[in-house]
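Chemist: Got a structure for you, my_file26.cif, holding mmCIF, C-alpha atoms.
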```cif
data_target
#
loop_
_atom_site.label_atom_id
_atom_site.label_comp_id
_atom_site.auth_asym_id
_atom_site.auth_seq_id
_atom_site.Cartn_x
_atom_site.Cartn_y
_atom_site.Cartn_z
CA MET A 531 0.00 0.00 0.00
CA GLY A 532 2.83 2.36 0.89
CA GLN A 533 4.64 1.63 -2.38
CA TRP A 534 1.45 2.14 -4.39
CA LEU A 535 0.82 5.44 -2.60
CA GLU A 536 4.35 6.61 -3.30
CA ARG A 537 4.40 5.67 -7.01
CA ASN A 538 0.82 6.56 -7.95
CA ILE A 539 -0.08 9.47 -5.65
CA ILE A 540 2.97 11.22 -4.23
CA GLU A 541 5.46 10.80 -7.09
CA PRO A 542 3.05 12.00 -9.84
CA GLY A 543 2.05 14.96 -7.66
CA LYS A 544 -1.49 13.73 -6.99
CA LEU A 545 -1.40 14.31 -3.24
CA PRO A 546 -3.18 17.70 -3.56
CA LEU A 547 -5.89 15.94 -5.57
CA LEU A 548 -6.27 13.34 -2.81
CA LEU A 549 -6.53 16.08 -0.19
CA ALA A 550 -9.10 17.94 -2.32
CA LEU A 551 -11.19 14.77 -2.71
CA ALA A 552 -11.08 14.03 1.03
CA ALA A 553 -12.08 17.62 1.85
CA PHE A 554 -14.82 17.50 -0.81
CA VAL A 555 -16.45 14.31 0.48
CA LEU A 556 -16.06 15.24 4.15
CA THR A 557 -17.56 18.69 3.54
CA PHE A 558 -20.56 17.20 1.73
CA VAL A 559 -21.20 14.70 4.55
CA ILE A 560 -20.88 17.32 7.31
CA THR A 561 -23.04 19.80 5.38
CA ARG A 562 -25.82 17.25 4.90
CA ILE A 563 -25.72 16.36 8.60
CA ILE A 564 -25.97 20.01 9.62
CA THR A 565 -28.78 20.79 7.17
CA ARG A 566 -30.74 17.78 8.41
CA LEU A 567 -30.33 18.95 12.00
CA ILE A 568 -31.50 22.46 11.02
CA ARG A 569 -34.47 20.99 9.20
CA ALA A 570 -35.39 18.87 12.24
CA GLY A 571 -34.91 21.80 14.64
CA ARG A 572 -32.18 20.03 16.58
CA GLY A 573 -28.72 21.08 17.68
CA PRO A 574 -27.16 24.53 17.91
CA PHE A 575 -27.22 25.19 14.17
CA GLY A 576 -29.48 27.56 12.27
CA ASN A 577 -29.88 29.32 8.95
CA VAL A 578 -27.54 32.24 8.27
CA THR A 579 -29.25 35.47 7.28
CA ALA A 580 -28.06 38.92 6.27
CA GLY A 581 -31.02 41.09 7.07
CA SER A 582 -33.92 39.44 5.27
CA VAL A 583 -31.67 37.50 2.89
CA HIS A 584 -31.03 33.81 3.51
CA VAL A 585 -27.34 33.20 2.81
CA HIS A 586 -27.02 29.74 1.28
CA HIS A 587 -23.83 27.79 1.84
CA VAL A 588 -23.12 27.95 -1.88
CA VAL A 589 -21.96 31.55 -1.23
CA PRO A 590 -18.98 30.69 1.02
CA GLY A 591 -18.46 27.68 -1.25
CA VAL A 592 -17.91 29.93 -4.26
CA ILE A 593 -15.52 32.12 -2.25
CA LEU A 594 -13.47 29.14 -1.03
CA THR A 595 -13.38 27.63 -4.52
CA VAL A 596 -12.08 30.89 -5.99
CA VAL A 597 -9.49 31.30 -3.21
CA GLY A 598 -8.35 27.69 -3.52
CA GLY A 599 -8.17 27.80 -7.32
CA PHE A 600 -6.20 31.02 -7.52
CA GLY A 601 -4.05 29.92 -4.58
CA ALA A 602 -3.12 26.73 -6.42
CA VAL A 603 -2.16 28.72 -9.51
CA ALA A 604 -0.16 31.26 -7.53
CA SER A 605 1.72 28.62 -5.51
CA GLY A 606 3.39 27.23 -8.61
CA GLY A 607 3.29 23.71 -7.20
CA HIS A 608 5.91 24.39 -4.54
CA GLY A 609 5.86 24.36 -0.76
CA PHE A 610 2.80 24.06 1.45
CA GLY A 611 0.63 26.25 -0.77
CA PRO A 612 -0.70 23.56 -3.12
CA TYR A 613 -1.88 21.39 -0.22
CA LEU A 614 -3.66 24.23 1.56
CA SER A 615 -5.19 25.41 -1.72
CA ALA A 616 -6.36 21.86 -2.49
CA VAL A 617 -8.16 21.60 0.85
CA LEU A 618 -9.80 25.01 0.40
CA PHE A 619 -10.85 24.09 -3.13
CA GLY A 620 -12.28 20.75 -1.97
CA VAL A 621 -14.27 22.36 0.82
CA GLY A 622 -15.58 25.05 -1.52
CA ALA A 623 -16.51 22.55 -4.23
CA GLY A 624 -18.33 20.42 -1.67
CA LEU A 625 -20.42 23.39 -0.55
CA VAL A 626 -21.13 24.49 -4.13
CA LEU A 627 -22.14 21.09 -5.50
CA ASP A 628 -24.27 20.38 -2.44
CA GLU A 629 -26.50 23.16 -3.80
CA PHE A 630 -26.00 22.34 -7.47
CA ALA A 631 -29.78 22.01 -7.95
CA LEU A 632 -30.27 25.52 -6.57
CA ILE A 633 -27.86 26.91 -9.16
CA LEU A 634 -29.46 24.84 -11.93
CA HIS A 635 -33.03 25.88 -11.17
CA LEU A 636 -32.25 29.32 -9.71
CA ASP A 637 -34.62 28.46 -6.90
CA ASP A 638 -34.39 27.04 -3.38
CA VAL A 639 -35.14 23.41 -4.26
CA TYR A 640 -32.80 21.89 -1.66
CA TRP A 641 -35.46 19.71 -0.02
CA SER A 642 -37.54 19.04 -3.13
CA GLU A 643 -37.41 16.27 -5.72
CA ALA A 644 -35.30 18.54 -7.95
CA GLY A 645 -32.79 18.84 -5.13
CA ARG A 646 -31.76 15.21 -5.65
CA LYS A 647 -29.66 16.39 -8.61
CA SER A 648 -27.18 17.83 -6.12
CA VAL A 649 -26.51 14.42 -4.59
CA GLU A 650 -26.13 12.83 -8.02
CA MET A 651 -23.66 15.54 -9.06
CA VAL A 652 -21.60 15.03 -5.89
CA VAL A 653 -21.47 11.26 -6.45
CA LEU A 654 -20.45 11.72 -10.10
CA THR A 655 -17.72 14.23 -9.23
CA ALA A 656 -16.29 12.05 -6.49
CA ALA A 657 -16.32 9.02 -8.81
CA LEU A 658 -14.41 10.85 -11.54
CA VAL A 659 -11.78 12.10 -9.09
CA VAL A 660 -11.37 8.57 -7.71
CA LEU A 661 -10.72 7.38 -11.27
CA LEU A 662 -7.90 9.90 -11.60
CA LEU A 663 -6.39 8.85 -8.28
CA ALA A 664 -6.71 5.13 -9.01
CA GLY A 665 -4.35 5.38 -11.96
CA PHE A 666 -6.77 5.60 -14.89
CA ALA A 667 -5.00 8.85 -15.80
CA PRO A 668 -1.47 7.76 -14.92
CA PHE A 669 0.48 10.74 -16.20
CA GLY A 670 3.55 11.97 -14.35
CA VAL A 671 4.84 8.62 -13.06
CA ASN A 672 8.53 8.23 -13.85
CA ASP A 673 10.74 5.20 -14.58
CA LEU A 674 8.01 2.86 -15.80
CA SER A 675 8.93 -0.50 -17.28
CA GLN A 676 7.70 -1.56 -20.70
CA GLN A 677 5.19 -3.92 -19.09
CA GLU A 678 3.83 -1.10 -16.92
CA LEU A 679 3.56 1.18 -19.93
CA ARG A 680 1.60 -1.45 -21.84
CA ASN A 681 -0.69 -2.03 -18.87
CA ARG A 682 -1.35 1.67 -18.47
CA ALA A 683 -1.89 2.17 -22.20
CA GLY A 684 -4.39 -0.67 -22.16
CA ALA A 685 -6.12 0.83 -19.14
CA LEU A 686 -6.40 4.22 -20.84
CA THR A 687 -7.82 2.61 -23.98
CA GLY A 688 -10.35 0.71 -21.89
CA VAL A 689 -11.38 3.88 -20.07
CA ALA A 690 -11.85 5.74 -23.38
CA VAL A 691 -14.03 2.96 -24.81
CA ASN A 692 -16.01 2.67 -21.59
CA PHE A 693 -16.54 6.43 -21.58
CA CYS A 694 -18.10 6.16 -25.04
CA PHE A 695 -20.48 3.48 -23.72
CA ALA A 696 -21.35 5.77 -20.80
CA LEU A 697 -22.13 8.62 -23.21
CA ILE A 698 -24.43 6.33 -25.22
CA ALA A 699 -26.19 5.26 -22.02
CA LEU A 700 -26.56 8.91 -21.06
CA SER A 701 -28.08 9.76 -24.45
CA LYS A 702 -30.57 6.93 -23.89
CA GLY A 703 -31.76 8.62 -20.71
CA LYS A 704 -30.09 6.14 -18.35
CA VAL A 705 -28.34 8.70 -16.16
CA ARG A 706 -27.58 6.45 -13.20
CA LEU A 707 -26.22 3.65 -15.38
CA ALA A 708 -24.03 6.19 -17.17
CA VAL A 709 -22.71 7.59 -13.88
CA PHE A 710 -21.91 4.24 -12.31
CA GLY A 711 -20.75 2.93 -15.68
CA VAL A 712 -17.85 5.37 -15.52
CA ILE A 713 -16.54 3.25 -12.63
CA VAL A 714 -17.80 -0.21 -13.58
CA PRO A 715 -17.32 -0.91 -17.33
CA VAL A 716 -19.97 -3.65 -17.53
CA VAL A 717 -22.64 -1.25 -16.28
CA ALA A 718 -21.93 1.26 -19.05
CA LEU A 719 -22.00 -1.50 -21.67
CA VAL A 720 -25.36 -2.79 -20.45
CA GLY A 721 -26.79 0.73 -20.43
CA SER A 722 -25.63 1.38 -23.97
CA LEU A 723 -27.20 -1.85 -25.31
CA ARG A 724 -30.61 -1.61 -23.65
CA LEU A 725 -33.59 0.23 -25.09
CA ALA A 726 -33.60 3.98 -24.62
CA ARG A 727 -36.02 5.60 -22.21
CA PRO A 728 -38.98 7.47 -23.74
CA GLY A 729 -38.22 11.14 -24.24
CA SER A 730 -34.45 10.65 -24.31
CA PRO A 731 -32.38 12.15 -27.16
CA TRP A 732 -31.69 8.62 -28.50
CA ALA A 733 -35.40 7.73 -28.55
CA LYS A 734 -36.34 10.99 -30.25
CA ARG A 735 -33.70 10.43 -32.92
CA PHE A 736 -33.97 6.69 -33.62
CA TYR A 737 -37.45 5.64 -32.44
CA ARG A 738 -39.38 8.33 -34.31
CA ARG A 739 -40.64 5.94 -36.98
CA ARG A 740 -40.11 2.68 -35.10
CA HIS A 741 -43.51 2.37 -33.42
CA ARG A 742 -42.84 -1.09 -32.02
CA ALA A 743 -39.55 0.00 -30.43
CA ARG A 744 -41.20 3.10 -28.98
CA ALA A 745 -44.04 1.06 -27.47
CA LYS A 746 -41.61 -1.50 -26.08
CA ALA A 747 -39.49 1.27 -24.55
CA LEU A 748 -42.57 2.78 -22.87
CA LEU A 749 -43.60 -0.58 -21.42
CA ARG A 750 -40.10 -1.42 -20.20
CA ALA A 751 -39.67 2.02 -18.60
CA TYR A 752 -42.99 1.60 -16.79
CA HIS A 753 -42.08 -1.81 -15.34
CA HIS A 754 -38.55 -0.64 -14.48
CA ASP A 755 -39.75 2.43 -12.61
CA ARG A 756 -42.41 0.44 -10.78
CA ARG A 757 -39.84 -2.14 -9.66
CA TRP A 758 -36.88 0.08 -8.74
CA SER A 759 -38.33 3.47 -7.82
CA ARG A 760 -38.83 2.61 -4.15
CA PRO A 761 -35.32 1.13 -3.52
CA ALA A 762 -33.74 4.02 -5.45
CA ARG A 763 -35.66 6.59 -3.43
CA THR A 764 -34.63 4.87 -0.20
CA ILE A 765 -30.95 5.15 -1.10
CA GLN A 766 -31.34 8.77 -2.21
CA ASP A 767 -33.19 9.63 1.00
CA TRP A 768 -30.39 8.01 3.02
CA LEU A 769 -27.71 10.00 1.20
CA GLY A 770 -29.33 13.40 0.82
CA GLY A 771 -32.36 13.42 3.10
CA LYS A 772 -36.02 12.87 2.34
CA PRO A 773 -37.49 15.68 0.22
CA ASP A 774 -40.60 17.61 1.18
CA ARG A 775 -43.91 16.41 -0.19
CA PRO A 776 -45.40 18.80 -2.76
#
```
Starting from the file, lay out its structure as structure tokens.

Modeler:
Amino acid sequence: MGQWLERNIIEPGKLPLLLALAAFVLTFVITRIITRLIRAGRGPFGNVTAGSVHVHHVVPGVILTVVGGFGAVASGGHGFGPYLSAVLFGVGAGLVLDEFALILHLDDVYWSEAGRKSVEMVVLTAALVVLLLAGFAPFGVNDLSQQELRNRAGALTGVAVNFCFALIALSKGKVRLAVFGVIVPVVALVGSLRLARPGSPWAKRFYRRRHRARAKALLRAYHHDRRWSRPARTIQDWLGGKPDRP
């Protein structure tokens, strides 16, 4: 483990990325805990207001992201600066993406169904950063043997192909399969081969005159949603909190 950490994280200069990821995930978890306590009226926490304006935590998140980003650029990759900037950037990004749905809708939808997009965006971002740390973008490692170079070239090719499958799954309206398919190749392949969901860009483009395929897609989407909607909602409620009923 120590040798892997040295060769794949420290030597390529990925330690700031690891610190940013840890700060990002920890900030999201702590923020969700605090917001749940505020919502339940428990603990010493409360909403921050400036006069009659409710200051959302995306505001300090933007400030920390800007400070961390410019700090990383100004540090030049030397000394303690990159590590501090990485932590500040990770904290800021965690606060910003926790309210991604608010930015998308320009409305306070934190505890609504639309607010679930924030959790999905956080999971996707964390998954992509983990891919970089795990060696799927293995640039900067020195003194590699020919066998290691071949292995890494093969891994990069596999990631590129899998990313294409994930894009196809995304165009078919299978967002969750596309997200998790970035990490697990088989998932992206399955999502790209299955029928597109009704209303997706793929269905609008290729099922326009295929009435049988369109009807089959509608029926499959109905049965799929009826079977998996409750387990999916349970997991989403556990991660991000149960949304308000309309």

Chemist: Can you translate the PyMOL selection byres ((chain A and resi 708) around 10) into the concrete residues it hits in this file, as a PyMOL selection string?

Modeler: chain A and resi 654+692-707+709-715+717-722

Chemist: Go ahead and compute the interatomic distance for CA of Val597 (chain A) and CA of Leu618 (chain A), in Å to one decimal.

Modeler: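 Result for CA of Val597 (chain A) versus CA of Leu618 (chain A): 7.3 Å, one decimal.
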
Chemist: Using all atoms listed in the file for the distances, tell me which of A:Ala745, A:Leu567, A:Leu535, A:Val649 is nearest to Ile765 (chain A).

Modeler: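 The shortest atom-to-atom distance to Ile765 (chain A) comes from A:Val649.
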
Chemist: Do you have the CA of His587 (chain A)-CA of Pro574 (chain A) distance handy?

Modeler: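 Interatomic distance here is 16.7 Å.
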
Chemist: Using all atoms listed in the file for the distances, tell me which of A:Thr565, A:Thr557, A:Gln766, A:Ser648 is nearest to Gly591 (chain A).

Modeler: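 Ranking A:Thr565, A:Thr557, A:Gln766, A:Ser648 by distance to Gly591 (chain A), first place goes to A:Thr557.
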